[in-house]
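Engineer: I have a structure I would like to understand better, so I am pasting it below and will then ask my questions one at a time.
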Amino acid sequence: MVEKGSILLLHSGQYCSIVEETDIEGIRIAFSPHVFDNMTRNIANVVKYTLFRNFNIIRIESRDFHEYIEECFSMLLVESKTNIHSFMYNPRLYSMLYYTITKIYEYQPNVNNGNGVTSKTLELFIRFSAMIDDRYKTMHSVTEYRTALNVSHKLLTECAREHANKSPLDMIMEKTVFEAKKLLNYTNLSIKEIALELGYREPSNFSTLFKKHTKVSPNQYRERNSNKLSSDAQKY
């Protein structure tokens, strides 16, 4: 649930459904990854894997920061309406968006040591997160990841707890379930085909995993969300 005074960050390839149930208004900003081109590779990766995680919702507690971000968004909105060129041909708009993202990133706790230098656990977290994105279809166990990363189970667990407040296995399964939900919602693939797509030869193993993390079977999830999406579409 996205509450008033919150920022919802999604990375490319993510889907979401917006249901109009309240009078809360907001600003939606979509941009290409080229916004990060001016960042160093290290900082760009930190932003990607700390800000743009699966449905990362930032609740702004500071009134001053809330007003500051509102001002940034307002300036972006005004600039986008007064200049019809894309970010590529509008350096001012491009810089403003880059600056706003940077400030949101700096608002996050446990990002760096105060000098802009990422900690060793954060570096490991970035490597682990990136590896999950790349290999979630072929690697499903913590042992496979810690072996590939050449770290102990204890260190990987501490890293995941510190930066995601989850266990390594939860992070791995969260990615699998997230991708499964996309396939269930937006494709006509059978449960068996989805299981194979995600690297599970036995559909029963996939279904057990999915139900463990969602409390419903893949078929139940698809039916429930198919009805919900159809209902939402009729509103528009």
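Simple scheme: letters A, B, ... for chains in structure tokens order, numbers from 1 for residues in each chain, numbers from 1 for ligands in the order shown.
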Hey, what's within 9 Å of Ser6 of chain A if we count only C-alpha atoms and toss same-chain stuff fewer than 4 positions away? As a list in words, please?
Structural biologist: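 My list of contacting residues is Val2, Ile57, Ile58, Arg59, Ile60, Glu61 and His66 of chain A.
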Engineer: So which residues touch Asn219 of chain A within 9 Å, counting only C-alpha atoms, skipping near sequence neighbours fewer than 5 positions away, as JSON, numbers by chain?
Structural biologist: {"A": [184, 191, 207, 224]}
Engineer: Between atom CA of Thr187 of chain A and atom CA of Ile132 of chain A, what is the spacing in Å?
Structural biologist: 22.6 Å
Engineer: From the list A:Lys154, A:Gly5, A:Arg222, A:Glu174, which residue is nearest Asn188 of chain A when using only C-alpha atoms?
Structural biologist: A:Arg222
Engineer: Please indicate the distance in Å from atom CA of Asp64 of chain A to atom CA of Gly26 of chain A, rounded to one decimal place.
Structural biologist: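 It comes out at 18.1 Å.
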Engineer: Might you pull out every residue within 9 Å of Val177 of chain A, with only C-alpha atoms counted and same-chain residues fewer than 2 positions away left off, and present them as a PyMOL selection string?
Structural biologist: chain A and resi 172-175+179-182+209-210+213-214
Engineer: For Cys159 of chain A, work out the shell of residues within 6 Å, counting only C-alpha atoms and skipping chain neighbours fewer than 3 positions away, then give it as an mmCIF file with N, CA, C and O atoms, in the first residue's frame.
Structural biologist:
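The resulting file, around27.cif, is reproduced below:
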```cif
data_model
loop_
_atom_site.group_PDB
_atom_site.id
_atom_site.type_symbol
_atom_site.label_atom_id
_atom_site.label_comp_id
_atom_site.auth_asym_id
_atom_site.auth_seq_id
_atom_site.Cartn_x
_atom_site.Cartn_y
_atom_site.Cartn_z
ATOM 1 N N THR A 121 29.929 -4.702 3.059
ATOM 2 C CA THR A 121 28.692 -5.480 3.021
ATOM 3 C C THR A 121 27.763 -4.978 1.925
ATOM 4 O O THR A 121 27.050 -5.759 1.304
ATOM 5 N N LEU A 156 26.998 -13.749 4.068
ATOM 6 C CA LEU A 156 25.929 -13.448 3.123
ATOM 7 C C LEU A 156 24.625 -13.169 3.857
ATOM 8 O O LEU A 156 23.858 -12.271 3.480
ATOM 9 N N GLU A 162 21.266 -6.820 6.778
ATOM 10 C CA GLU A 162 21.612 -5.412 6.973
ATOM 11 C C GLU A 162 20.990 -4.514 5.910
ATOM 12 O O GLU A 162 20.483 -3.429 6.223
#
```
Engineer: Looking only at helix (DSSP H, G or I) from DSSP on the backbone, list the matching residues of segment 100-186 of chain A as a VMD selection string.
Structural biologist: chain A and resid 100 to 107 120 to 135 142 to 149 153 to 164 168 to 186
